[in-house]
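Q: My structure is in start.cif, and what it holds is mmCIF, C-alpha atoms:
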data_target
loop_
_atom_site.label_atom_id
_atom_site.label_comp_id
_atom_site.auth_asym_id
_atom_site.auth_seq_id
_atom_site.Cartn_x
_atom_site.Cartn_y
_atom_site.Cartn_z
CA MET I 1 111.02 79.26 65.72
CA THR I 2 111.39 82.91 66.72
CA SER I 3 114.80 84.55 66.55
CA ILE I 4 116.71 85.89 69.54
CA THR I 5 115.99 89.42 68.28
CA GLU I 6 112.26 88.73 68.15
CA GLN I 7 112.34 87.20 71.63
CA PHE I 8 114.04 90.31 73.03
CA ALA I 9 111.52 92.53 71.22
CA ASP I 10 108.65 90.55 72.76
CA LEU I 11 110.26 90.82 76.22
CA ALA I 12 110.74 94.57 75.86
CA ALA I 13 107.06 94.94 75.02
CA THR I 14 105.97 93.37 78.33
CA THR I 15 105.36 95.49 81.41
CA LEU I 16 107.49 95.46 84.55
CA LEU I 17 106.09 94.75 88.02
CA ARG I 18 108.13 95.39 91.14
CA PHE I 19 106.78 93.45 94.09
CA ALA I 20 107.87 92.52 97.60
CA THR I 21 107.04 89.61 99.86
CA ALA I 22 106.47 90.11 103.58
CA GLY I 23 105.16 88.18 106.54
CA SER I 24 106.16 86.83 109.92
CA VAL I 25 108.93 84.31 110.60
CA ASP I 26 108.18 80.82 109.22
CA ASP I 27 105.12 81.97 107.28
CA GLY I 28 106.82 80.57 104.18
CA LYS I 29 107.95 83.61 102.18
CA SER I 30 111.14 82.08 100.82
CA THR I 31 109.36 78.82 100.01
CA LEU I 32 106.69 80.77 98.11
CA VAL I 33 109.32 82.65 96.14
CA GLY I 34 111.22 79.44 95.42
CA ARG I 35 108.01 77.74 94.29
CA LEU I 36 107.13 80.72 92.11
CA LEU I 37 110.55 80.65 90.44
CA HIS I 38 110.60 76.87 90.09
CA ASP I 39 107.10 76.35 88.72
CA SER I 40 107.39 79.30 86.32
CA LYS I 41 110.57 77.70 84.87
CA SER I 42 112.73 80.62 86.06
CA VAL I 43 115.43 78.56 87.80
CA LEU I 44 118.68 77.70 86.07
CA THR I 45 119.76 74.06 86.02
CA ASP I 46 122.92 74.61 88.10
CA GLN I 47 120.92 76.57 90.71
CA MET I 48 118.46 73.71 91.07
CA GLU I 49 121.25 71.15 91.27
CA ALA I 50 122.90 73.13 94.09
CA VAL I 51 119.62 73.31 96.01
CA GLU I 52 119.04 69.58 95.54
CA ALA I 53 122.57 68.81 96.79
CA VAL I 54 122.18 70.93 99.95
CA SER I 55 118.73 69.45 100.62
CA ALA I 56 120.10 65.91 100.23
CA ARG I 57 122.93 66.59 102.67
CA ARG I 58 120.33 67.67 105.21
CA GLY I 59 118.43 64.44 104.72
CA GLN I 60 115.42 66.09 103.08
CA ASP I 61 113.42 63.98 100.63
CA ALA I 62 112.50 66.89 98.36
CA PRO I 63 114.44 70.03 97.35
CA ASP I 64 114.06 72.91 99.81
CA LEU I 65 112.94 75.66 97.44
CA ALA I 66 113.54 78.33 100.10
CA LEU I 67 117.27 77.91 99.42
CA LEU I 68 116.77 79.57 96.03
CA THR I 69 116.46 82.94 97.78
CA ASP I 70 118.10 82.50 101.20
CA GLY I 71 121.65 83.14 100.00
CA LEU I 72 123.43 84.14 103.21
CA ARG I 73 125.07 81.34 105.21
CA ALA I 74 123.33 82.54 108.37
CA GLU I 75 120.00 82.43 106.55
CA ARG I 76 120.50 78.84 105.44
CA GLU I 77 121.72 77.72 108.85
CA GLN I 78 118.85 79.34 110.74
CA GLY I 79 116.17 78.81 108.11
CA ILE I 80 115.18 82.49 108.14
CA THR I 81 115.52 85.46 105.81
CA ILE I 82 117.79 88.27 107.09
CA ASP I 83 118.68 90.41 104.09
CA VAL I 84 116.48 91.54 101.20
CA ALA I 85 116.95 89.07 98.36
CA TYR I 86 116.25 90.57 94.93
CA ARG I 87 115.36 88.25 92.06
CA TYR I 88 114.55 88.95 88.43
CA PHE I 89 112.33 86.66 86.37
CA ALA I 90 109.96 86.91 83.45
CA THR I 91 106.99 85.17 81.88
CA ALA I 92 105.48 85.67 78.46
CA ARG I 93 103.13 88.29 79.88
CA ARG I 94 105.29 90.38 82.23
CA ARG I 95 108.74 90.98 83.71
CA PHE I 96 109.25 90.97 87.48
CA ILE I 97 111.67 92.37 90.03
CA LEU I 98 111.05 90.59 93.30
CA ALA I 99 112.22 91.64 96.76
CA ASP I 100 112.02 88.80 99.29
CA THR I 101 112.05 90.67 102.61
CA PRO I 102 112.68 89.38 106.16
CA GLY I 103 109.88 88.42 108.49
CA HIS I 104 111.60 88.68 111.87
CA VAL I 105 110.66 91.83 113.79
CA GLN I 106 114.38 92.60 114.16
CA TYR I 107 114.67 93.00 110.37
CA THR I 108 111.50 95.01 109.69
CA ARG I 109 113.79 97.81 108.47
CA ASN I 110 114.69 95.60 105.51
CA MET I 111 111.03 95.21 104.66
CA VAL I 112 110.88 99.02 104.39
CA THR I 113 113.79 98.86 101.93
CA GLY I 114 112.17 96.20 99.77
CA ALA I 115 108.67 97.71 99.73
CA SER I 116 109.78 101.31 99.07
CA THR I 117 109.99 100.65 95.32
CA ALA I 118 107.19 98.09 95.09
CA ASP I 119 104.00 98.32 93.06
CA LEU I 120 102.60 95.34 94.95
CA ALA I 121 103.23 93.63 98.28
CA VAL I 122 102.53 89.96 98.99
CA VAL I 123 101.85 89.55 102.72
CA LEU I 124 101.94 85.93 103.87
CA VAL I 125 100.00 84.57 106.81
CA ASP I 126 100.33 81.10 108.31
CA ALA I 127 96.81 79.64 108.16
CA ARG I 128 97.37 78.01 111.57
CA ASN I 129 98.26 81.29 113.31
CA GLY I 130 96.15 83.86 111.49
CA VAL I 131 96.82 87.60 111.61
CA ILE I 132 99.46 88.41 114.22
CA GLU I 133 101.28 91.60 115.27
CA GLN I 134 104.01 91.28 112.63
CA THR I 135 101.33 90.82 109.96
CA ARG I 136 99.73 94.06 111.09
CA ARG I 137 103.13 95.79 111.12
CA HIS I 138 103.82 94.73 107.53
CA ALA I 139 100.35 95.88 106.46
CA ALA I 140 101.02 99.24 108.11
CA VAL I 141 104.39 99.59 106.37
CA ALA I 142 102.81 98.77 103.00
CA ALA I 143 100.09 101.35 103.61
CA LEU I 144 102.58 103.93 104.84
CA LEU I 145 104.73 103.47 101.74
CA ARG I 146 101.59 103.81 99.57
CA VAL I 147 102.03 100.44 97.90
CA PRO I 148 98.95 100.44 95.64
CA HIS I 149 98.25 96.67 95.57
CA VAL I 150 98.43 94.15 98.44
CA VAL I 151 98.00 90.39 98.12
CA LEU I 152 97.13 88.42 101.25
CA ALA I 153 98.56 84.93 100.70
CA VAL I 154 97.11 82.60 103.33
CA ASN I 155 99.82 79.92 103.32
CA LYS I 156 100.03 76.36 104.65
CA MET I 157 96.41 75.61 103.81
CA ASP I 158 97.45 71.94 103.57
CA LEU I 159 98.07 71.98 107.34
CA VAL I 160 94.49 73.08 108.10
CA GLY I 161 92.83 70.59 105.78
CA TYR I 162 92.25 73.19 103.05
CA GLU I 163 89.28 74.48 105.06
CA GLU I 164 87.46 77.38 103.43
CA SER I 165 86.26 78.72 106.80
CA VAL I 166 89.86 79.15 108.02
CA PHE I 167 90.77 81.15 104.93
CA ALA I 168 87.59 83.24 105.05
CA LYS I 169 88.12 84.26 108.67
CA ILE I 170 91.74 85.36 108.09
CA ALA I 171 90.86 87.18 104.86
CA GLU I 172 88.03 89.08 106.55
CA GLU I 173 90.20 90.17 109.49
CA PHE I 174 93.14 91.29 107.35
CA THR I 175 90.98 93.06 104.76
CA ALA I 176 89.22 95.07 107.46
CA TYR I 177 92.53 96.04 109.09
CA ALA I 178 94.31 96.97 105.85
CA GLY I 179 91.22 98.79 104.62
CA ASP I 180 91.24 100.99 107.74
CA LEU I 181 94.88 101.83 106.91
CA GLY I 182 93.80 103.01 103.45
CA VAL I 183 95.29 100.20 101.36
CA PRO I 184 93.56 100.74 97.99
CA GLU I 185 93.35 97.14 96.77
CA ILE I 186 93.51 93.84 98.69
CA THR I 187 93.37 90.41 97.04
CA ALA I 188 93.24 87.29 99.23
CA ILE I 189 94.52 83.96 97.85
CA PRO I 190 94.64 80.60 99.72
CA ILE I 191 97.90 78.75 98.96
CA SER I 192 100.31 76.04 99.97
CA ALA I 193 103.77 77.15 98.92
CA LEU I 194 105.27 73.79 99.88
CA ALA I 195 102.81 71.76 97.79
CA GLY I 196 102.38 74.37 95.07
CA ASP I 197 98.63 74.94 95.52
CA ASN I 198 97.45 78.17 93.83
CA VAL I 199 100.99 79.50 93.39
CA VAL I 200 101.44 78.92 89.66
CA GLU I 201 98.90 76.16 89.06
CA PRO I 202 95.32 76.07 90.45
CA SER I 203 94.81 73.82 93.46
CA ALA I 204 92.95 70.55 93.13
CA HIS I 205 92.23 70.65 96.87
CA MET I 206 90.37 73.98 97.04
CA ASP I 207 87.58 73.82 94.48
CA TRP I 208 85.68 76.33 96.63
CA TYR I 209 88.17 79.05 95.56
CA GLY I 210 87.48 80.57 92.15
CA GLY I 211 90.03 83.40 92.09
CA PRO I 212 93.42 83.69 90.38
CA THR I 213 96.64 81.95 91.35
CA VAL I 214 99.45 84.10 92.72
CA LEU I 215 101.28 84.19 89.38
CA GLU I 216 98.10 84.88 87.43
CA HIS I 217 97.35 87.86 89.65
CA LEU I 218 100.92 89.13 89.37
CA GLU I 219 100.71 88.90 85.59
CA THR I 220 97.40 90.75 85.30
CA VAL I 221 97.33 93.37 88.07
CA PRO I 222 97.26 96.86 86.48
CA VAL I 223 100.52 98.77 86.87
CA SER I 224 101.21 102.38 85.96
CA HIS I 225 104.64 104.02 85.89
CA ASP I 226 103.56 107.29 84.35
CA LEU I 227 105.67 109.78 86.29
CA THR I 228 105.13 112.38 83.57
CA ALA I 229 101.68 113.20 84.95
CA CYS I 230 103.28 114.69 88.09
CA PRO I 231 104.88 118.17 88.22
CA ALA I 232 108.49 118.17 87.06
CA ARG I 233 111.16 117.82 89.74
CA PHE I 234 114.88 117.80 88.90
CA PRO I 235 117.26 117.35 91.87
CA VAL I 236 120.73 118.51 90.87
CA GLN I 237 123.34 115.84 91.43
CA TYR I 238 126.42 117.34 89.82
CA VAL I 239 127.50 120.60 88.18
CA ILE I 240 129.40 120.14 84.91
CA ARG I 241 131.82 122.98 84.20
CA PRO I 242 134.64 121.69 81.90
CA GLN I 243 136.20 125.11 81.12
CA THR I 244 138.05 123.68 78.11
CA ALA I 245 138.94 125.29 74.81
CA GLU I 246 136.13 123.35 73.19
CA HIS I 247 133.57 124.22 75.89
CA PRO I 248 134.84 127.43 77.56
CA ASP I 249 131.45 128.60 78.87
CA TYR I 250 129.56 125.33 79.26
CA ARG I 251 127.65 125.07 82.54
CA GLY I 252 125.30 122.14 82.94
CA TYR I 253 123.38 120.65 85.84
CA ALA I 254 123.30 116.85 85.78
CA GLY I 255 120.88 114.54 87.53
CA GLN I 256 117.88 112.25 87.18
CA ILE I 257 114.43 113.70 86.58
CA ALA I 258 112.40 112.53 89.58
CA SER I 259 109.02 113.24 88.00
CA GLY I 260 107.32 115.15 85.24
CA VAL I 261 108.59 116.59 81.95
CA LEU I 262 111.20 119.28 81.25
CA ARG I 263 111.11 121.31 78.01
CA VAL I 264 113.53 123.73 76.38
CA GLY I 265 112.20 127.27 76.71
CA GLU I 266 110.31 126.52 79.93
CA ALA I 267 110.52 128.99 82.83
CA VAL I 268 111.96 127.32 85.92
CA THR I 269 112.72 128.16 89.53
CA VAL I 270 115.72 126.94 91.49
CA LEU I 271 114.99 125.96 95.08
CA PRO I 272 115.60 126.75 97.84
CA SER I 273 117.07 130.06 96.56
CA GLY I 274 113.96 130.95 94.55
CA ARG I 275 115.97 132.32 91.61
CA THR I 276 114.35 131.98 88.19
CA SER I 277 115.60 131.30 84.68
CA VAL I 278 114.67 129.54 81.43
CA ILE I 279 115.82 126.14 80.19
CA GLU I 280 118.19 126.89 77.33
CA GLY I 281 119.11 123.30 76.51
CA ILE I 282 118.82 119.69 77.59
CA ASP I 283 121.55 117.14 76.89
CA ALA I 284 120.72 113.43 77.00
CA LEU I 285 123.14 110.65 76.04
CA GLY I 286 125.48 113.15 74.41
CA GLU I 287 122.82 114.77 72.24
CA SER I 288 120.71 117.91 72.59
CA VAL I 289 116.99 117.28 72.96
CA ASP I 290 113.97 119.55 73.25
CA ILE I 291 112.15 117.50 75.87
CA ALA I 292 113.03 115.01 78.62
CA TRP I 293 110.96 113.12 81.15
CA ALA I 294 111.23 110.99 84.29
CA PRO I 295 113.19 108.89 85.03
CA GLN I 296 115.75 109.98 82.42
CA SER I 297 119.21 111.13 83.49
CA VAL I 298 120.03 114.39 81.71
CA THR I 299 122.06 117.59 81.88
CA VAL I 300 120.07 120.82 81.97
CA ARG I 301 121.49 124.15 80.76
CA LEU I 302 119.90 127.43 81.88
CA LYS I 303 119.83 130.78 80.13
CA ASP I 304 121.20 132.65 83.16
CA ASP I 305 124.29 132.01 85.26
CA ILE I 306 122.89 131.15 88.69
CA ASP I 307 124.67 129.82 91.73
CA ILE I 308 123.42 126.23 91.70
CA SER I 309 125.02 123.27 93.46
CA ARG I 310 124.31 119.65 94.37
CA GLY I 311 121.11 119.36 96.37
CA ASP I 312 119.28 122.23 94.67
CA LEU I 313 115.97 121.45 92.97
CA ILE I 314 114.93 122.78 89.56
CA ALA I 315 111.17 122.88 88.95
CA PRO I 316 108.78 124.64 86.54
CA SER I 317 107.91 128.09 87.89
CA ALA I 318 104.22 127.31 87.38
CA SER I 319 104.28 124.35 89.79
CA ILE I 320 107.00 124.69 92.40
CA PRO I 321 106.80 122.85 95.74
CA ALA I 322 106.63 124.83 98.94
CA THR I 323 109.87 125.20 100.88
CA THR I 324 109.94 124.71 104.61
CA GLN I 325 112.25 124.24 107.56
CA ASP I 326 109.59 122.51 109.65
CA VAL I 327 109.03 119.04 108.27
CA GLU I 328 105.96 117.17 109.54
CA ALA I 329 106.08 113.52 108.58
CA THR I 330 105.49 109.92 109.51
CA VAL I 331 108.62 107.85 110.03
CA CYS I 332 109.42 104.18 110.38
CA HIS I 333 112.28 103.97 112.87
CA VAL I 334 114.82 101.39 111.68
CA ALA I 335 117.84 101.84 113.99
CA ASP I 336 118.63 100.01 117.21
CA GLN I 337 119.19 103.24 119.13
CA PRO I 338 116.04 105.24 119.97
CA LEU I 339 115.08 108.46 118.22
CA ALA I 340 114.30 111.02 120.93
CA VAL I 341 113.03 114.58 121.05
CA GLY I 342 116.02 116.91 120.78
CA ALA I 343 118.11 114.48 118.73
CA ARG I 344 120.46 116.13 116.25
CA VAL I 345 120.34 114.36 112.91
CA LEU I 346 121.06 114.73 109.22
CA LEU I 347 118.08 114.80 106.87
CA LYS I 348 118.72 113.46 103.34
CA HIS I 349 116.13 114.48 100.75
CA THR I 350 116.85 113.52 97.11
CA THR I 351 120.41 114.82 96.56
CA ARG I 352 120.34 117.31 99.44
CA THR I 353 121.57 116.61 102.99
CA VAL I 354 121.02 119.17 105.76
CA LYS I 355 121.44 119.34 109.53
CA ALA I 356 118.26 119.00 111.55
CA ILE I 357 116.87 118.53 115.04
CA VAL I 358 113.87 116.49 116.15
CA LYS I 359 111.54 119.06 117.71
CA GLU I 360 108.52 116.88 118.49
CA ILE I 361 107.29 113.30 118.39
CA PRO I 362 103.53 113.92 118.61
CA SER I 363 102.44 110.28 118.45
CA ARG I 364 103.34 106.64 117.98
CA LEU I 365 101.10 104.20 116.13
CA THR I 366 99.65 101.32 118.15
CA LEU I 367 99.38 98.41 115.71
CA ASP I 368 96.69 96.45 117.54
CA ASP I 369 93.90 98.97 117.08
CA LEU I 370 95.58 101.68 114.93
CA SER I 371 95.25 104.20 117.76
CA GLN I 372 97.83 106.94 118.30
CA HIS I 373 99.83 106.94 121.55
CA PRO I 374 100.39 110.66 122.23
CA ASN I 375 103.79 112.19 123.03
CA PRO I 376 105.84 108.99 123.47
CA GLY I 377 109.05 111.02 123.85
CA GLN I 378 111.01 108.62 121.64
CA LEU I 379 110.68 105.97 118.97
CA VAL I 380 112.46 102.63 119.22
CA ALA I 381 113.32 100.09 116.52
CA ASN I 382 110.39 99.27 114.20
CA ASP I 383 108.11 101.95 115.70
CA ILE I 384 105.96 104.00 113.33
CA GLY I 385 105.27 107.52 114.53
CA ARG I 386 104.72 111.15 113.65
CA VAL I 387 107.64 113.58 113.98
CA VAL I 388 108.31 117.29 113.51
CA VAL I 389 111.85 118.03 112.35
CA ARG I 390 113.41 121.50 112.15
CA THR I 391 116.06 121.77 109.43
CA ALA I 392 118.98 124.20 109.29
CA GLU I 393 118.16 125.08 105.67
CA PRO I 394 114.89 125.18 103.71
CA LEU I 395 113.80 122.03 101.88
CA ALA I 396 111.51 121.69 98.87
CA LEU I 397 109.38 118.68 99.75
CA ASP I 398 106.26 117.39 98.11
CA ALA I 399 103.71 115.41 100.07
CA TYR I 400 104.55 111.71 99.91
CA ALA I 401 101.01 111.06 98.68
CA ASP I 402 101.83 113.14 95.60
CA SER I 403 105.35 111.81 94.95
CA ARG I 404 107.13 108.84 96.48
CA ARG I 405 110.44 110.24 95.15
CA THR I 406 110.34 113.85 96.37
CA GLY I 407 108.11 113.27 99.39
CA SER I 408 110.45 110.82 101.10
CA PHE I 409 113.60 111.35 103.15
CA LEU I 410 116.02 109.65 105.53
CA LEU I 411 117.10 110.66 109.01
CA ILE I 412 120.79 109.83 109.54
CA ASP I 413 123.04 109.70 112.58
CA PRO I 414 125.67 112.43 111.96
CA ALA I 415 128.23 110.57 114.08
CA ASP I 416 128.52 107.37 112.07
CA GLY I 417 126.18 107.68 109.08
CA THR I 418 123.69 105.09 110.36
CA THR I 419 120.20 105.38 108.90
CA LEU I 420 117.83 106.12 111.78
CA ALA I 421 114.44 106.43 110.12
CA ALA I 422 112.68 106.47 106.76
CA GLY I 423 110.31 109.41 106.52
CA MET I 424 107.23 110.25 104.46
CA ALA I 425 106.22 113.92 104.40
CA GLY I 426 102.60 114.92 104.88
CA GLU I 427 99.70 112.76 105.98
CA SER I 428 100.58 109.25 107.09
CA PHE I 429 97.94 106.95 105.63
CA ALA I 430 95.55 107.40 102.74
CA SER I 431 91.89 107.91 103.58
CA LYS I 432 89.30 105.57 102.12
CA ALA I 433 88.07 108.40 99.90
CA GLU I 434 91.59 108.91 98.54
CA THR I 435 92.07 105.26 97.73
CA THR I 436 88.78 105.06 95.87
CA ILE I 437 89.73 107.98 93.66
CA GLN I 438 93.43 107.39 93.19
CA ALA I 439 93.86 103.63 93.11
CA ASP I 440 93.79 103.41 89.32
CA GLU I 441 95.19 106.85 88.53
CA GLU I 442 98.44 107.21 90.39
CA GLY I 443 101.69 105.61 89.25
CA TRP I 444 103.82 105.12 92.31
CA ASP I 445 107.51 104.80 91.36
CA PHE I 446 109.97 105.59 94.10
#
Can the structure in the file be given as structure tokens, please?

A:
Amino acid sequence: MTSITEQFADLAATTLLRFATAGSVDDGKSTLVGRLLHDSKSVLTDQMEAVEAVSARRGQDAPDLALLTDGLRAEREQGITIDVAYRYFATARRRFILADTPGHVQYTRNMVTGASTADLAVVLVDARNGVIEQTRRHAAVAALLRVPHVVLAVNKMDLVGYEESVFAKIAEEFTAYAGDLGVPEITAIPISALAGDNVVEPSAHMDWYGGPTVLEHLETVPVSHDLTACPARFPVQYVIRPQTAEHPDYRGYAGQIASGVLRVGEAVTVLPSGRTSVIEGIDALGESVDIAWAPQSVTVRLKDDIDISRGDLIAPSASIPATTQDVEATVCHVADQPLAVGARVLLKHTTRTVKAIVKEIPSRLTLDDLSQHPNPGQLVANDIGRVVVRTAEPLALDAYADSRRTGSFLLIDPADGTTLAAGMAGESFASKAETTIQADEEGWDF
């Protein structure tokens, strides 16, 4: 028998996959997640007993596995997912952080939250209904957020007699649509979350399908988190200036390295001021180090005394991002109130928040055929569109295609702090050429 120490060592050696589930209302997302947790032996005894008790009170013959993730009272009463439910589980091959996101169009904003950090998205489709508008919206959000792997889970195959032709038609339609959006990898799997077909164990009813189960695919899909291959970006979160007898002249800039590697002796530029200096020291966990990399939280000391404050960005002088006050981006509008041309907003980018105004809304995406509706004048809840925002101060943004951390931002209502839109700087969707080249090279970690 292995010791606890050995078990932890084995667990630490496994890779981590962040994934999100998405799909329309009643497509079976929560049931899939519950089945995945149950059949992979990731449910505690008291959790299962509570689910069995609630199911029995409702007069259900079998435990309702959706209750394992639908934790809000309103969710259980209505039988829908409202909030993003995060779950952690592990198998012998990999560790997982799962975000079970809502399917109702009203809560699409929460799908944006769950998918923003995901390496993979599982999009469910009811085999009886096929690809519908909300399915297309979730595919567009996954593509917009540059989620590198998408699984199409065609659910409720038991209700269509496990017919291969039904699955093939849905898989062909979705693959063509997501491919036009630039999704780099699409894997279609026929399942029945309620019965457990092809979730953890292979289905005895679909011998015509020879691909992996959902769990098998999740355990084997290639995942890269190598943020060190990107240029270094260090948003300053806090300035440490103790001015004590022990540290009379100490001046350090604390924060989390968003990407890349920082080295002592490296020439750096502070943005947006453009002032330059050299890294004199790096402090990590109370010790001085010569090198640090993303996503470590460190304190950087510079050779020169420069006026630096929260929101400034430190980057190697050899690879600094361009600064601009005219931000062109694609946004997913998540607020109930519309976003109109001329709106005064706050733009939050990494640790920096600046005043801004919406100058243009050049287009809004039409989900049916992926056409652009020109000059809509405003975006309403769940719309995806292009915007041009003029900021009061320069910002150092990367293209979202190059960095999910430093290429993303939020638009915020200055009156009450409500998040209005999630923005991605640069081009909206990847081209097919991009996805062919970058699918196996880029590590997307937001």

Q: Do you know which residues are at most 12 Å from Arg310 in chain I counting only C-alpha atoms, after dropping those on the same chain fewer than 4 positions away, and could you put them as a count of residues only?

A: 21

Q: Which distance in Å separates CA of Glu266 in chain I and CA of Val327 in chain I, to one decimal?

A: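 Computing it gives 29.3 Å between the two atoms.
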
Q: Go through I:Val300, I:Lys359, I:Ser371, I:Asn382 and flag the residue nearest His138 in chain I, using all atoms listed in the file for the distances.

A: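 Closest to His138 in chain I, using all atoms listed in the file: I:Asn382.
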
Q: If the PyMOL selection byres ((chain I and resi 386) around 9) were run on this exact file, what residues would it hold? Put them as number ranges by chain.

A: I: 328-331, 360-365, 384-385, 387-388, 428

Q: With distances taken over all atoms listed in the file, which residue among I:Pro242, I:Phe429, I:Leu218, I:Ser319 lies nearest Pro184 in chain I?

A: I:Phe429

Q: Which polymer residues, protein or nucleic acid, are no farther than 10 Å from (100.2, 75.9, 101.7), counting only C-alpha atoms, as an mmCIF file with C-alpha atoms, in the coordinates of the input?

A:
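What ended up in point_4.cif:
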data_model
loop_
_atom_site.group_PDB
_atom_site.id
_atom_site.type_symbol
_atom_site.label_atom_id
_atom_site.label_comp_id
_atom_site.auth_asym_id
_atom_site.auth_seq_id
_atom_site.Cartn_x
_atom_site.Cartn_y
_atom_site.Cartn_z
ATOM 1 C CA ASP I 27 105.120 81.970 107.280
ATOM 2 C CA GLY I 28 106.820 80.570 104.180
ATOM 3 C CA THR I 31 109.360 78.820 100.010
ATOM 4 C CA LEU I 32 106.690 80.770 98.110
ATOM 5 C CA ASP I 126 100.330 81.100 108.310
ATOM 6 C CA ALA I 127 96.810 79.640 108.160
ATOM 7 C CA ALA I 153 98.560 84.930 100.700
ATOM 8 C CA VAL I 154 97.110 82.600 103.330
ATOM 9 C CA ASN I 155 99.820 79.920 103.320
ATOM 10 C CA LYS I 156 100.030 76.360 104.650
ATOM 11 C CA MET I 157 96.410 75.610 103.810
ATOM 12 C CA ASP I 158 97.450 71.940 103.570
ATOM 13 C CA LEU I 159 98.070 71.980 107.340
ATOM 14 C CA VAL I 160 94.490 73.080 108.100
ATOM 15 C CA GLY I 161 92.830 70.590 105.780
ATOM 16 C CA TYR I 162 92.250 73.190 103.050
ATOM 17 C CA PRO I 190 94.640 80.600 99.720
ATOM 18 C CA ILE I 191 97.900 78.750 98.960
ATOM 19 C CA SER I 192 100.310 76.040 99.970
ATOM 20 C CA ALA I 193 103.770 77.150 98.920
ATOM 21 C CA LEU I 194 105.270 73.790 99.880
ATOM 22 C CA ALA I 195 102.810 71.760 97.790
ATOM 23 C CA GLY I 196 102.380 74.370 95.070
ATOM 24 C CA ASP I 197 98.630 74.940 95.520
ATOM 25 C CA ASN I 198 97.450 78.170 93.830
ATOM 26 C CA VAL I 199 100.990 79.500 93.390
#

Q: Please measure the separation of CA of Leu152 in chain I and CA of Val33 in chain I, giving the value in Å to one decimal.

A: 14.4 Å

Q: May I have the residues within 6 Å of Val268 in chain I as a ChimeraX atom specification, using only C-alpha atoms and disregarding those fewer than 6 positions away in the same chain?

A: /I:276-278,315-317

Q: The PyMOL selection byres ((chain I and resi 391-397) around 6) - which residues does that actually catch in the file I just gave you? List them as a list of chain:residue names.

A: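 Taken over the shown coordinates, the PyMOL selection byres ((chain I and resi 391-397) around 6) returns I:Pro321, I:Ala322, I:Thr323, I:Thr324, I:Gln325, I:Lys355, I:Ala356, I:Arg390, I:Asp398, I:Thr406, I:Gly407.
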
Q: What is the distance between CA of Ala381 in chain I and CA of Val112 in chain I, in Å to one decimal?

A: 12.4 Å

Q: Which neighbours of Glu219 in chain I fall inside 7 Å, counting all atoms listed in the file, when residues of the same chain fewer than 4 positions from it are skipped, and could you give them as a PyMOL selection string?

A: chain I and resi 93-94+215

Q: Go ahead and dump the residues you just picked, C-alpha atoms, as a PDB file, keeping the file's coordinate frame.

A:
ATOM      1  CA  ARG I  93     103.130  88.290  79.880  1.00  0.00           C
ATOM      2  CA  ARG I  94     105.290  90.380  82.230  1.00  0.00           C
ATOM      3  CA  LEU I 215     101.280  84.190  89.380  1.00  0.00           C
TER       4      LEU I 215
END

Q: To box range 21-33 of chain I, take all atoms listed in the file, fit an axis-aligned box, add 4 Å on each side, and give centre and edge lengths in Å to one decimal, as JSON.

A:
{"center_x": 108.1, "center_y": 84.5, "center_z": 103.4, "size_x": 14.0, "size_y": 19.3, "size_z": 22.5}

Q: For the file shown, report as a list of chain:residue names the outcome of the PyMOL selection byres ((chain I and resi 222) around 10) at residue level.

A: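 Output of the PyMOL selection byres ((chain I and resi 222) around 10): I:Thr15, I:Leu17, I:Asp119, I:Pro148, I:His149, I:His217, I:Leu218, I:Glu219, I:Thr220, I:Val221, I:Val223, I:Ser224, I:Asp440.
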
Q: Suppose we keep C-alpha atoms; can you now write the selection as an mmCIF file, in the frame of the given file?

A:
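New file again_29.cif:
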data_model
loop_
_atom_site.group_PDB
_atom_site.id
_atom_site.type_symbol
_atom_site.label_atom_id
_atom_site.label_comp_id
_atom_site.auth_asym_id
_atom_site.auth_seq_id
_atom_site.Cartn_x
_atom_site.Cartn_y
_atom_site.Cartn_z
ATOM 1 C CA THR I 15 105.360 95.490 81.410
ATOM 2 C CA LEU I 17 106.090 94.750 88.020
ATOM 3 C CA ASP I 119 104.000 98.320 93.060
ATOM 4 C CA PRO I 148 98.950 100.440 95.640
ATOM 5 C CA HIS I 149 98.250 96.670 95.570
ATOM 6 C CA HIS I 217 97.350 87.860 89.650
ATOM 7 C CA LEU I 218 100.920 89.130 89.370
ATOM 8 C CA GLU I 219 100.710 88.900 85.590
ATOM 9 C CA THR I 220 97.400 90.750 85.300
ATOM 10 C CA VAL I 221 97.330 93.370 88.070
ATOM 11 C CA VAL I 223 100.520 98.770 86.870
ATOM 12 C CA SER I 224 101.210 102.380 85.960
ATOM 13 C CA ASP I 440 93.790 103.410 89.320
#

Q: May I ask which of the residues I:Ile282, I:Leu379, I:Ala90, I:Ala232 is the closest one to Ser403 in chain I, counting only C-alpha atoms?

A: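 That would be I:Ala232, the residue with the smallest distance to Ser403 in chain I.
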
Q: So, with all atoms listed in the file as the atoms that count, which of I:Thr213, I:Thr419, I:Ser309, I:Thr228 lies closest to Ile257 in chain I?

A: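 Between I:Thr213, I:Thr419, I:Ser309, I:Thr228, the residue approaching Ile257 in chain I most closely is I:Thr228.
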